[in-house]
$ cat structure27.txt   # compact mmCIF, C-alpha atoms and all ligand atoms
# COMPACT_ATOMS: atom_id res chain seq x y z
CA MET A 843 92.49 190.70 89.00
CA ARG A 844 92.10 191.94 85.46
CA PRO A 845 92.98 189.63 82.61
CA ASP A 846 95.54 190.67 80.05
CA THR A 847 95.20 193.24 77.27
CA PRO A 848 92.03 193.19 75.14
CA ALA A 849 92.47 191.42 71.80
CA GLU A 850 92.37 194.55 69.63
CA ASN A 851 95.38 196.08 71.40
CA VAL A 852 97.63 193.06 71.04
CA ASP A 853 100.91 193.29 69.13
CA HIS A 854 100.36 189.98 67.35
CA PRO A 855 103.88 189.31 66.00
CA ALA A 856 105.43 190.12 69.40
CA GLU A 857 102.91 187.95 71.23
CA ALA A 858 103.53 185.06 68.80
CA ALA A 859 107.29 185.35 69.32
CA ARG A 860 106.83 185.36 73.12
CA LEU A 861 104.66 182.22 72.95
CA GLU A 862 107.17 180.48 70.68
CA ARG A 863 109.93 181.24 73.21
CA THR A 864 107.73 179.95 76.05
CA ALA A 865 107.14 176.75 74.03
CA ASP A 866 110.91 176.18 74.02
CA LEU A 867 110.94 176.55 77.82
CA TYR A 868 107.98 174.22 78.39
CA PRO A 869 108.13 171.58 75.64
CA GLU A 870 105.42 169.57 77.45
CA ASP A 871 103.00 172.44 76.77
CA ALA A 872 104.20 173.16 73.22
CA GLU A 873 100.92 172.18 71.58
CA ALA A 874 98.78 174.73 73.44
CA LEU A 875 101.46 177.42 73.16
CA LEU A 876 102.18 176.97 69.45
CA LEU A 877 98.48 176.84 68.53
CA ARG A 878 98.05 180.14 70.28
CA ALA A 879 101.18 181.51 68.59
CA ALA A 880 99.75 180.38 65.23
CA ALA A 881 96.50 182.23 66.00
CA HIS A 882 98.53 185.40 66.52
CA ARG A 883 100.43 184.79 63.27
CA GLU A 884 97.09 184.42 61.45
CA LEU A 885 95.73 187.58 63.06
CA SER A 886 98.84 189.49 62.01
CA GLY A 887 98.28 188.32 58.43
CA ASP A 888 101.41 186.13 58.31
CA ARG A 889 99.62 182.98 57.19
CA PRO A 890 102.73 181.12 55.94
CA ALA A 891 104.26 181.51 59.43
CA ALA A 892 101.08 180.04 60.93
CA THR A 893 101.26 177.08 58.52
CA ALA A 894 104.88 176.51 59.57
CA LEU A 895 103.75 176.26 63.21
CA TYR A 896 100.94 173.81 62.38
CA ASP A 897 103.45 171.72 60.40
CA ARG A 898 105.93 171.82 63.26
CA LEU A 899 103.24 170.42 65.58
CA LEU A 900 102.11 167.77 63.10
CA ALA A 901 105.71 166.65 62.58
CA SER A 902 106.62 166.53 66.27
CA ALA A 903 107.53 163.25 67.88
CA THR A 904 105.13 163.65 70.82
CA THR A 905 101.49 162.61 70.45
CA LEU A 906 99.21 165.62 70.04
CA ASP A 907 96.23 166.12 72.35
CA HIS A 908 94.12 167.56 69.50
CA PRO A 909 95.59 166.30 66.20
CA HIS A 910 92.32 166.92 64.31
CA LEU A 911 92.05 170.46 65.59
CA VAL A 912 95.59 171.22 64.39
CA ARG A 913 94.73 169.84 60.93
CA ALA A 914 91.44 171.73 60.77
CA LEU A 915 93.17 175.00 61.67
CA LYS A 916 95.88 174.31 59.13
CA ALA A 917 93.32 173.66 56.36
CA SER A 918 91.34 176.78 57.23
CA ASN A 919 94.53 178.86 57.23
CA LEU A 920 95.81 177.39 53.93
CA TRP A 921 92.55 178.14 52.16
CA GLU A 922 92.82 181.79 53.23
CA TYR A 923 95.95 182.32 51.18
CA GLY A 924 95.25 180.44 48.01
CA HIS A 925 96.08 176.82 48.88
CA GLU A 926 92.58 175.57 48.17
CA ALA A 927 93.44 172.10 46.86
CA GLU A 928 95.59 171.26 49.87
CA ALA A 929 92.93 172.63 52.23
CA ARG A 930 90.22 170.51 50.58
CA ALA A 931 92.35 167.37 50.82
CA ILE A 932 92.85 167.92 54.56
CA ILE A 933 89.13 168.60 55.06
CA GLU A 934 88.23 165.37 53.21
CA GLY A 935 90.58 163.44 55.47
CA LEU A 936 89.12 165.01 58.61
CA ARG A 937 85.54 164.28 57.60
CA ALA A 938 86.48 160.67 56.99
CA ALA A 939 88.17 160.48 60.40
CA ALA A 940 85.01 161.81 62.14
CA PRO A 941 86.78 163.47 65.10
CA ARG A 942 85.15 163.61 68.52
CA ASP A 943 85.97 167.25 69.22
CA PRO A 944 83.37 169.86 68.23
CA ALA A 945 85.94 172.58 67.44
CA SER A 946 87.43 170.58 64.52
CA TRP A 947 83.99 170.22 62.93
CA VAL A 948 83.14 173.88 63.38
CA ILE A 949 86.42 175.04 61.86
CA VAL A 950 86.01 172.73 58.87
CA ALA A 951 82.37 173.70 58.30
CA GLU A 952 83.09 177.41 58.69
CA ALA A 953 85.99 177.19 56.25
CA LEU A 954 83.56 175.78 53.67
CA GLU A 955 80.96 178.40 54.59
CA ALA A 956 83.52 181.21 54.29
CA HIS A 957 84.19 180.10 50.72
CA ASP A 958 80.47 180.03 49.85
CA GLU A 959 80.16 176.26 49.86
CA LEU A 960 76.95 176.29 51.86
CA GLU A 961 75.81 172.83 50.84
CA ALA A 962 79.13 171.26 51.88
CA ALA A 963 79.17 173.37 55.07
CA GLN A 964 75.69 172.13 55.93
CA GLU A 965 76.82 168.53 55.40
CA ALA A 966 79.89 169.00 57.60
CA PHE A 967 77.85 170.61 60.41
CA THR A 968 75.27 167.82 60.16
CA GLN A 969 77.94 165.14 60.21
CA GLY A 970 79.49 166.72 63.32
CA VAL A 971 76.12 166.97 65.06
CA THR A 972 75.37 163.34 64.17
CA VAL A 973 78.69 162.19 65.65
CA LEU A 974 78.64 164.39 68.78
CA VAL A 975 75.02 165.11 69.66
CA GLY A 976 73.23 162.10 68.17
CA GLU A 977 70.11 161.31 70.18
CA ALA A 978 70.98 163.46 73.22
CA ASP A 979 68.13 165.68 74.42
CA VAL A 980 70.55 167.91 76.30
CA PRO A 981 73.63 168.38 74.12
CA PRO A 982 76.82 169.24 76.03
CA ARG A 983 77.75 172.92 75.93
CA PRO A 984 80.82 172.47 73.63
CA THR A 985 78.51 171.12 70.91
CA HIS A 986 76.21 174.18 70.92
CA PRO A 987 78.26 176.09 68.30
CA LEU A 988 77.82 173.13 65.94
CA LEU A 989 74.05 173.33 66.31
CA PHE A 990 74.08 177.13 65.93
CA GLY A 991 76.32 176.99 62.85
CA ARG A 992 74.16 174.32 61.29
CA HIS A 993 71.05 176.42 61.98
CA ARG A 994 72.70 179.46 60.32
CA VAL A 995 73.75 177.62 57.17
CA ARG A 996 70.40 175.86 56.82
CA ARG A 997 68.59 179.20 57.12
CA MET A 998 70.79 180.60 54.36
CA LEU A 999 69.98 177.57 52.21
CA GLY A 1000 66.27 178.16 52.85
CA LEU A 1001 65.75 174.72 54.40
CA ALA A 1002 62.81 174.04 56.72
CA HIS A 1003 63.56 173.49 60.43
CA ASP A 1004 64.25 169.97 61.54
CA ALA A 1005 64.50 168.68 65.13
CA TRP A 1006 68.11 169.86 65.53
CA ASP A 1007 67.24 173.36 64.32
CA THR A 1008 64.46 173.51 66.90
CA LEU A 1009 66.91 172.29 69.52
CA ALA A 1010 69.34 175.05 68.48
CA ASP A 1011 66.56 177.63 68.94
CA THR A 1012 65.86 176.42 72.49
CA LEU A 1013 69.58 176.40 73.44
CA HIS A 1014 70.20 179.93 72.22
CA SER A 1015 70.04 182.44 75.08
CA MET A 1016 70.89 185.77 73.46
CA PRO A 1017 68.37 188.65 73.35
CA VAL A 1018 68.01 188.37 69.56
CA SER A 1019 66.53 185.01 68.56
CA LEU A 1020 68.50 182.64 66.40
CA ASP A 1021 65.84 182.82 63.68
CA GLU A 1022 66.13 186.59 63.46
CA LEU A 1023 69.93 186.42 63.64
CA HIS A 1024 70.10 183.86 60.84
CA ASP A 1025 67.28 185.33 58.73
CA PRO A 1026 68.52 184.95 55.14
CA LYS A 1027 66.90 188.28 54.20
CA ARG A 1028 69.12 189.96 56.74
CA VAL A 1029 72.16 188.09 55.57
CA TRP A 1030 71.37 188.89 51.95
CA SER A 1031 70.85 192.56 52.76
CA LEU A 1032 74.64 192.63 53.00
CA GLY A 1033 74.30 193.09 49.25
CA SER A 1034 72.60 196.43 49.93
CA ASP A 1035 74.33 199.56 48.68
CA ASN A 1036 73.01 201.75 51.50
CA PRO A 1037 76.15 202.28 53.64
CA ALA A 1038 74.26 202.80 56.91
CA GLU A 1039 72.22 199.63 56.40
CA LEU A 1040 75.36 197.70 55.52
CA ALA A 1041 77.28 198.95 58.53
CA ALA A 1042 74.43 198.00 60.88
CA GLU A 1043 74.14 194.54 59.34
CA ILE A 1044 77.83 193.92 59.47
CA SER A 1045 78.15 194.87 63.12
CA ARG A 1046 75.19 192.69 64.11
CA LEU A 1047 76.55 189.73 62.19
CA ARG A 1048 80.00 190.26 63.56
CA ALA A 1049 78.68 190.21 67.12
CA GLU A 1050 77.28 186.75 66.58
CA LEU A 1051 79.62 185.06 64.12
CA GLY A 1052 82.68 186.66 65.68
CA ALA A 1053 81.92 185.48 69.18
CA TYR A 1054 81.46 181.84 68.24
CA ARG A 1055 84.27 181.67 65.73
CA GLU A 1056 86.66 183.32 68.15
CA ALA A 1057 85.68 180.96 70.95
CA LEU A 1058 86.13 177.90 68.80
CA SER A 1059 89.13 178.60 66.73
CA ARG A 1060 90.98 179.95 69.76
CA PRO A 1061 90.27 177.36 72.40
CA TYR A 1062 92.52 179.11 74.90
CA PRO A 1063 90.48 181.11 77.34
CA VAL A 1064 90.85 184.57 78.74
CA ALA A 1065 91.80 183.39 82.19
CA VAL A 1066 91.52 184.89 85.65
CA LEU A 1067 94.04 183.89 88.30
CA HIS A 1068 92.89 181.92 91.35
CA TRP A 1069 95.02 181.26 94.44
CA PRO A 1070 93.68 178.46 96.66
CA THR A 1071 93.71 179.26 100.42
CA ARG A 1072 97.07 177.70 101.19
CA GLU A 1073 98.80 179.11 98.09
CA LEU A 1074 97.50 182.61 98.84
CA THR A 1075 98.80 182.38 102.43
CA GLU A 1076 102.24 181.32 101.16
CA LEU A 1077 102.25 184.04 98.52
CA LEU A 1078 101.40 186.80 101.00
CA ALA A 1079 103.89 185.49 103.56
CA ALA A 1080 106.63 185.69 100.90
CA TYR A 1081 105.45 188.98 99.30
CA PRO A 1082 103.42 191.01 101.83
CA ASP A 1083 103.22 193.90 99.33
CA LEU A 1084 100.65 191.89 97.39
CA GLU A 1085 98.18 192.27 100.30
CA THR A 1086 96.83 195.40 98.58
CA GLU A 1087 95.91 193.18 95.66
CA TYR A 1088 94.51 190.42 97.88
CA PRO A 1089 93.10 191.84 101.15
CA SER A 1090 91.49 188.49 102.08
CA HIS A 1091 90.90 185.09 100.51
CA GLU A 1092 87.13 185.59 100.54
CA HIS A 1093 87.52 188.94 98.78
CA HIS A 1094 89.86 187.31 96.25
CA LEU A 1095 87.26 184.63 95.43
CA SER A 1096 84.38 187.05 95.00
CA THR A 1097 86.56 189.29 92.79
CA ILE A 1098 87.28 186.33 90.50
CA GLU A 1099 83.59 185.54 90.04
CA ALA A 1100 82.71 189.23 89.56
CA SER A 1101 85.48 189.78 86.96
CA LEU A 1102 84.39 186.74 84.98
CA ARG A 1103 80.75 187.81 85.00
CA GLU A 1104 81.69 191.27 83.85
CA LEU A 1105 83.76 189.82 81.00
CA ALA A 1106 80.93 187.45 80.05
CA SER A 1107 78.36 190.25 80.03
CA SER A 1108 80.64 192.37 77.83
CA GLY A 1109 80.60 189.51 75.31
CA THR A 1110 84.09 188.04 75.93
CA PRO A 1111 83.83 184.39 74.87
CA ASN A 1112 85.81 181.49 76.20
CA LEU A 1113 86.55 182.37 79.82
CA GLY A 1114 88.53 180.33 82.28
CA ILE A 1115 90.27 180.16 85.63
CA VAL A 1116 93.91 179.26 86.19
CA THR A 1117 95.33 178.21 89.55
CA GLY A 1118 98.54 179.79 90.80
CA THR A 1119 101.24 178.21 92.95
CA LEU A 1120 104.11 180.04 94.60
CA PRO A 1121 106.97 178.08 92.94
CA SER A 1122 105.51 178.40 89.46
CA TYR A 1123 104.80 182.11 89.99
CA GLU A 1124 108.39 182.69 91.15
CA ALA A 1125 109.73 180.77 88.15
CA PHE A 1126 107.55 182.90 85.86
CA ALA A 1127 108.78 186.15 87.49
CA ALA A 1128 112.38 184.97 87.02
CA SER A 1129 111.78 184.12 83.35
CA GLU A 1130 110.37 187.63 82.80
CA ALA A 1131 113.24 189.17 84.81
CA ALA A 1132 110.62 190.85 87.03
CA SER A 1133 109.93 191.06 90.76
CA PRO A 1134 107.15 188.81 92.10
CA THR A 1135 105.90 191.81 94.11
CA ASP A 1136 104.91 193.63 90.91
CA PRO A 1137 101.09 193.29 90.64
CA ALA A 1138 101.32 193.90 86.87
CA LEU A 1139 102.97 190.50 86.61
CA LEU A 1140 99.87 188.67 87.91
CA PRO A 1141 97.70 188.93 84.76
CA GLN A 1142 100.70 188.00 82.59
CA TYR A 1143 101.23 184.94 84.76
CA ALA A 1144 97.53 184.04 84.28
CA THR A 1145 97.80 184.47 80.51
CA THR A 1146 100.88 182.29 80.33
CA LEU A 1147 99.22 179.53 82.38
CA ALA A 1148 96.18 179.70 80.07
CA ALA A 1149 98.42 179.57 77.01
CA ARG A 1150 100.04 176.47 78.49
CA GLY A 1151 96.62 174.83 78.55
CA ARG A 1152 96.14 175.09 82.31
CA ALA A 1153 92.77 176.86 82.39
CA THR A 1154 89.52 175.36 83.65
CA PRO A 1155 86.55 176.63 81.63
CA TRP A 1156 84.16 179.02 83.37
CA PRO A 1157 81.26 178.96 84.19
CA PRO A 1158 80.90 175.41 85.49
CA GLU A 1159 77.50 173.73 85.08
CA PRO A 1160 75.31 174.71 88.09
CA THR A 1161 75.32 171.16 89.46
CA THR A 1162 79.08 170.54 89.20
CA THR A 1163 81.59 171.46 91.90
CA CYS A 1164 82.40 175.14 92.31
CA TRP A 1165 85.75 176.32 90.94
CA CYS A 1166 86.69 177.77 94.35
CA GLY A 1167 87.38 174.40 95.95
CA SER A 1168 84.62 174.62 98.62
CA GLY A 1169 83.31 171.25 97.48
CA ARG A 1170 79.79 172.68 97.11
CA SER A 1171 77.94 172.84 93.78
CA TYR A 1172 78.60 175.95 91.69
CA GLY A 1173 74.88 176.80 91.86
CA GLY A 1174 74.96 176.66 95.68
CA CYS A 1175 78.31 178.48 95.99
CA HIS A 1176 79.77 181.24 93.78
CA GLY A 1177 77.22 180.65 91.04
ZN ZN A 1201 65.30 178.43 64.30
ZN ZN A 1202 82.59 178.70 95.29

$ encode --input "structure27.txt" --output "structure tokens"
Amino acid sequence: MRPDTPAENVDHPAEAARLERTADLYPEDAEALLLRAAAHRELSGDRPAATALYDRLLASATTLDHPHLVRALKASNLWEYGHEAEARAIIEGLRAAAPRDPASWVIVAEALEAHDELEAAQEAFTQGVTVLVGEADVPPRPTHPLLFGRHRVRRMLGLAHDAWDTLADTLHSMPVSLDELHDPKRVWSLGSDNPAELAAEISRLRAELGAYREALSRPYPVAVLHWPTRELTELLAAYPDLETEYPSHEHHLSTIEASLRELASSGTPNLGIVTGTLPSYEAFAASEAASPTDPALLPQYATTLAARGRATPWPPEPTTTCWCGSGRSYGGCHG
């Protein structure tokens, strides 16, 4: 099962409109759907439309799951189109509230960094690390981008490594070391007027910054569809044509793991698995006025479930239960 269209081929305004319509159908999932719609509005360059969506969420009567994240995204978006004072006021409020979710901190710190406020960015990263990592020797995976961002900004400021910088170095698993990646001389060489040198620098930086920023500011994974044993049996009994897509349950499970690994190795951040059920798949097919036997509908169904906030992040930690439902550890099963 292939996930939906790669990001660069997306028609952002159309995708935003589709997500906004879906939010009307599933008001209980409006937060995840409208945040994703806002991301598409931002990517299409329509920043006022994105602000309107953040405001709609902040004004809604239901309690938000991630109120700080919505505010952080709103501030970052506002600052991008000239509303600096309002953005700063929101950022001040967020820092005072000391949220427990790493993404809010990263978005705030990166907004400051993007506007050349390295000292303030460093403080925000440090504050986030203090709140969320503290004394932990093994920081949870979602906090890694905070440590990496802090390392980057501190390198640019020319500060000596402290214990958290060293921790960031040990957590980083890419072929290029964090110290090389964040070498201020390399960052400053962006001021070079040699076009080839510039292009090489920009693409290397983009590979690193882009991946983390994307993963954090868009906390809605690229998701692969998983049918548990019983659901797959029901699906194939109702729509035998889909047997070409799913020759056996075992094959289905190994395809999921293989697709996710391929996506991960090609640098796609933020991967996840969504679980299908026959009734919800049929309802989705009906809402798209399509036949459930159409295999092209399956990745769209996966994307919609992910947009509704139904994805489980992949990969699991090696010692936690495997995503497939076997009950064994991921390390001893599909991992
Ligand atoms: Zn380092
Ligand atoms: Zn498994």

$ residues_around --input "structure27.txt" --residues "Pro1070 in chain A" --least-positions-apart "4" --cutoff "8 Å" --atoms "only C-alpha atoms" --output "list in words"
Leu1074, Thr1117, Gly1118, Cys1166 and Gly1167 of chain A

$ closest_atom_pairs --input "structure27.txt" --of "chain A" --to "ligand ZN 1202 (chain A)" --cutoff "7 Å" --atoms "only C-alpha atoms and all ligand atoms" --output "tab-separated table"
residue	atom	partner	partner_atom	distance
A:Cys1164	CA	A:ZN1202	ZN	4.6
A:Trp1165	CA	A:ZN1202	ZN	5.9
A:Cys1166	CA	A:ZN1202	ZN	4.3
A:Gly1167	CA	A:ZN1202	ZN	6.5
A:Ser1168	CA	A:ZN1202	ZN	5.6
A:Arg1170	CA	A:ZN1202	ZN	6.9
A:Tyr1172	CA	A:ZN1202	ZN	6.0
A:Cys1175	CA	A:ZN1202	ZN	4.3
A:His1176	CA	A:ZN1202	ZN	4.1

$ closest_atom_pairs --input "structure27.txt" --of "chain A" --to "ligand ZN 1201 (chain A)" --cutoff "10 Å" --atoms "only C-alpha atoms and all ligand atoms" --output "tab-separated table"
residue	atom	partner	partner_atom	distance
A:Phe990	CA	A:ZN1201	ZN	9.0
A:His993	CA	A:ZN1201	ZN	6.5
A:Arg994	CA	A:ZN1201	ZN	8.5
A:Arg996	CA	A:ZN1201	ZN	9.4
A:Arg997	CA	A:ZN1201	ZN	7.9
A:Ala1002	CA	A:ZN1201	ZN	9.1
A:His1003	CA	A:ZN1201	ZN	6.5
A:Asp1004	CA	A:ZN1201	ZN	9.0
A:Ala1005	CA	A:ZN1201	ZN	9.8
A:Trp1006	CA	A:ZN1201	ZN	9.1
A:Asp1007	CA	A:ZN1201	ZN	5.4
A:Thr1008	CA	A:ZN1201	ZN	5.6
A:Leu1009	CA	A:ZN1201	ZN	8.2
A:Ala1010	CA	A:ZN1201	ZN	6.7
A:Asp1011	CA	A:ZN1201	ZN	4.9
A:Thr1012	CA	A:ZN1201	ZN	8.5
A:His1014	CA	A:ZN1201	ZN	9.4
A:Ser1019	CA	A:ZN1201	ZN	7.9
A:Leu1020	CA	A:ZN1201	ZN	5.7
A:Asp1021	CA	A:ZN1201	ZN	4.5
A:Glu1022	CA	A:ZN1201	ZN	8.2
A:Leu1023	CA	A:ZN1201	ZN	9.3
A:His1024	CA	A:ZN1201	ZN	8.0
A:Asp1025	CA	A:ZN1201	ZN	9.1

$ closest_residue --input "structure27.txt" --among "A:Gly1000, A:Pro855, A:Gly887, A:Gly1114" --to "Thr1154 in chain A" --atoms "all atoms listed in the file"
A:Gly1114

$ residues_around --input "structure27.txt" --residues "Ala962 in chain A" --least-positions-apart "2" --cutoff "12 Å" --atoms "all atoms listed in the file" --output "list of chain:residue names"
A:Arg930, A:Ile933, A:Glu934, A:Arg937, A:Val950, A:Ala951, A:Glu952, A:Ala953, A:Leu954, A:Glu955, A:Ala956, A:His957, A:Asp958, A:Glu959, A:Leu960, A:Gln964, A:Glu965, A:Ala966, A:Phe967, A:Thr968, A:Gln969, A:Arg992, A:Val995, A:Arg996, A:Leu999

$ write_last_selection --input "structure27.txt" --atoms "C-alpha atoms" --output "mmCIF file, keeping the file's coordinate frame"
data_model
loop_
_atom_site.group_PDB
_atom_site.id
_atom_site.type_symbol
_atom_site.label_atom_id
_atom_site.label_comp_id
_atom_site.auth_asym_id
_atom_site.auth_seq_id
_atom_site.Cartn_x
_atom_site.Cartn_y
_atom_site.Cartn_z
ATOM 1 C CA ARG A 930 90.220 170.510 50.580
ATOM 2 C CA ILE A 933 89.130 168.600 55.060
ATOM 3 C CA GLU A 934 88.230 165.370 53.210
ATOM 4 C CA ARG A 937 85.540 164.280 57.600
ATOM 5 C CA VAL A 950 86.010 172.730 58.870
ATOM 6 C CA ALA A 951 82.370 173.700 58.300
ATOM 7 C CA GLU A 952 83.090 177.410 58.690
ATOM 8 C CA ALA A 953 85.990 177.190 56.250
ATOM 9 C CA LEU A 954 83.560 175.780 53.670
ATOM 10 C CA GLU A 955 80.960 178.400 54.590
ATOM 11 C CA ALA A 956 83.520 181.210 54.290
ATOM 12 C CA HIS A 957 84.190 180.100 50.720
ATOM 13 C CA ASP A 958 80.470 180.030 49.850
ATOM 14 C CA GLU A 959 80.160 176.260 49.860
ATOM 15 C CA LEU A 960 76.950 176.290 51.860
ATOM 16 C CA GLN A 964 75.690 172.130 55.930
ATOM 17 C CA GLU A 965 76.820 168.530 55.400
ATOM 18 C CA ALA A 966 79.890 169.000 57.600
ATOM 19 C CA PHE A 967 77.850 170.610 60.410
ATOM 20 C CA THR A 968 75.270 167.820 60.160
ATOM 21 C CA GLN A 969 77.940 165.140 60.210
ATOM 22 C CA ARG A 992 74.160 174.320 61.290
ATOM 23 C CA VAL A 995 73.750 177.620 57.170
ATOM 24 C CA ARG A 996 70.400 175.860 56.820
ATOM 25 C CA LEU A 999 69.980 177.570 52.210
#

$ atom_distance --input "structure27.txt" --atom1 "CA of His854 in chain A" --atom2 "CA of Leu885 in chain A"
6.8 Å

$ residues_around --input "structure27.txt" --residues "range 1131-1147 of chain A" --least-positions-apart "4" --cutoff "8 Å" --atoms "only C-alpha atoms" --output "VMD selection string"
chain A and resid 843 to 846 1064 to 1067 1081 1083 to 1084 1087 1116 1118 1123 to 1124 1126 to 1127 1151 to 1153

$ write_last_selection --input "structure27.txt" --atoms "C-alpha atoms" --output "mmCIF file, in the frame of the given file"
data_model
loop_
_atom_site.group_PDB
_atom_site.id
_atom_site.type_symbol
_atom_site.label_atom_id
_atom_site.label_comp_id
_atom_site.auth_asym_id
_atom_site.auth_seq_id
_atom_site.Cartn_x
_atom_site.Cartn_y
_atom_site.Cartn_z
ATOM 1 C CA MET A 843 92.490 190.700 89.000
ATOM 2 C CA ARG A 844 92.100 191.940 85.460
ATOM 3 C CA PRO A 845 92.980 189.630 82.610
ATOM 4 C CA ASP A 846 95.540 190.670 80.050
ATOM 5 C CA VAL A 1064 90.850 184.570 78.740
ATOM 6 C CA ALA A 1065 91.800 183.390 82.190
ATOM 7 C CA VAL A 1066 91.520 184.890 85.650
ATOM 8 C CA LEU A 1067 94.040 183.890 88.300
ATOM 9 C CA TYR A 1081 105.450 188.980 99.300
ATOM 10 C CA ASP A 1083 103.220 193.900 99.330
ATOM 11 C CA LEU A 1084 100.650 191.890 97.390
ATOM 12 C CA GLU A 1087 95.910 193.180 95.660
ATOM 13 C CA VAL A 1116 93.910 179.260 86.190
ATOM 14 C CA GLY A 1118 98.540 179.790 90.800
ATOM 15 C CA TYR A 1123 104.800 182.110 89.990
ATOM 16 C CA GLU A 1124 108.390 182.690 91.150
ATOM 17 C CA PHE A 1126 107.550 182.900 85.860
ATOM 18 C CA ALA A 1127 108.780 186.150 87.490
ATOM 19 C CA GLY A 1151 96.620 174.830 78.550
ATOM 20 C CA ARG A 1152 96.140 175.090 82.310
ATOM 21 C CA ALA A 1153 92.770 176.860 82.390
#

$ residues_around --input "structure27.txt" --residues "Tyr1088 in chain A" --least-positions-apart "3" --cutoff "10 Å" --atoms "all atoms listed in the file" --output "number ranges by chain"
A: 843, 1069, 1074, 1078, 1082-1085, 1091-1095, 1097

$ closest_residue --input "structure27.txt" --among "A:Leu1105, A:Val971, A:Ala1080, A:Met998" --to "Pro1121 in chain A" --atoms "only C-alpha atoms"
A:Ala1080

$ atom_distance --input "structure27.txt" --atom1 "CA of Leu899 in chain A" --atom2 "CA of Thr972 in chain A"
28.8 Å

$ atom_distance --input "structure27.txt" --atom1 "CA of Ile1115 in chain A" --atom2 "CA of Glu884 in chain A"
25.5 Å

$ residues_around --input "structure27.txt" --residues "range 889-896 of chain A" --least-positions-apart "5" --cutoff "7 Å" --atoms "all atoms listed in the file" --output "compact mmCIF listing (two decimals) with C-alpha atoms, in the coordinates of the input"
# COMPACT_ATOMS: atom_id res chain seq x y z
CA LEU A 876 102.18 176.97 69.45
CA ALA A 880 99.75 180.38 65.23
CA ARG A 883 100.43 184.79 63.27
CA GLU A 884 97.09 184.42 61.45
CA VAL A 912 95.59 171.22 64.39
CA LYS A 916 95.88 174.31 59.13
CA ASN A 919 94.53 178.86 57.23

$ decode --input "structure27.txt" --residues "range 1082-1094 of chain A" --atoms "N, CA and C atoms" --output "CSV table (one decimal), in the first residue's frame"
chain,number,residue,atom,x,y,z
A,1082,PRO,N,-14.2,-9.1,-2.8
A,1082,PRO,CA,-13.1,-10.0,-3.2
A,1082,PRO,C,-12.1,-9.5,-4.2
A,1083,ASP,N,-12.5,-8.4,-5.0
A,1083,ASP,CA,-11.6,-7.9,-6.0
A,1083,ASP,C,-10.3,-7.3,-5.3
A,1084,LEU,N,-10.4,-7.0,-4.0
A,1084,LEU,CA,-9.3,-6.4,-3.3
A,1084,LEU,C,-8.2,-7.5,-3.0
A,1085,GLU,N,-8.5,-8.8,-3.3
A,1085,GLU,CA,-7.5,-9.8,-3.0
A,1085,GLU,C,-6.2,-9.6,-3.8
A,1086,THR,N,-6.3,-8.9,-4.9
A,1086,THR,CA,-5.1,-8.7,-5.7
A,1086,THR,C,-4.2,-7.7,-4.8
A,1087,GLU,N,-4.8,-6.8,-4.1
A,1087,GLU,CA,-4.1,-5.9,-3.3
A,1087,GLU,C,-3.6,-6.6,-2.0
A,1088,TYR,N,-4.4,-7.5,-1.5
A,1088,TYR,CA,-4.0,-8.2,-0.2
A,1088,TYR,C,-4.1,-9.7,-0.4
A,1089,PRO,N,-3.1,-10.3,-1.0
A,1089,PRO,CA,-3.1,-11.8,-1.2
A,1089,PRO,C,-3.2,-12.6,0.1
A,1090,SER,N,-2.6,-12.1,1.2
A,1090,SER,CA,-2.7,-12.8,2.5
A,1090,SER,C,-2.5,-11.8,3.5
A,1091,HIS,N,-2.9,-12.1,4.8
A,1091,HIS,CA,-2.7,-11.2,5.9
A,1091,HIS,C,-1.2,-11.0,6.2
A,1092,GLU,N,-0.5,-12.1,6.1
A,1092,GLU,CA,1.0,-12.1,6.4
A,1092,GLU,C,1.7,-11.2,5.4
A,1093,HIS,N,1.3,-11.3,4.2
A,1093,HIS,CA,1.9,-10.5,3.1
A,1093,HIS,C,1.6,-9.0,3.3
A,1094,HIS,N,0.3,-8.8,3.7
A,1094,HIS,CA,-0.1,-7.4,4.0
A,1094,HIS,C,0.8,-6.8,5.1
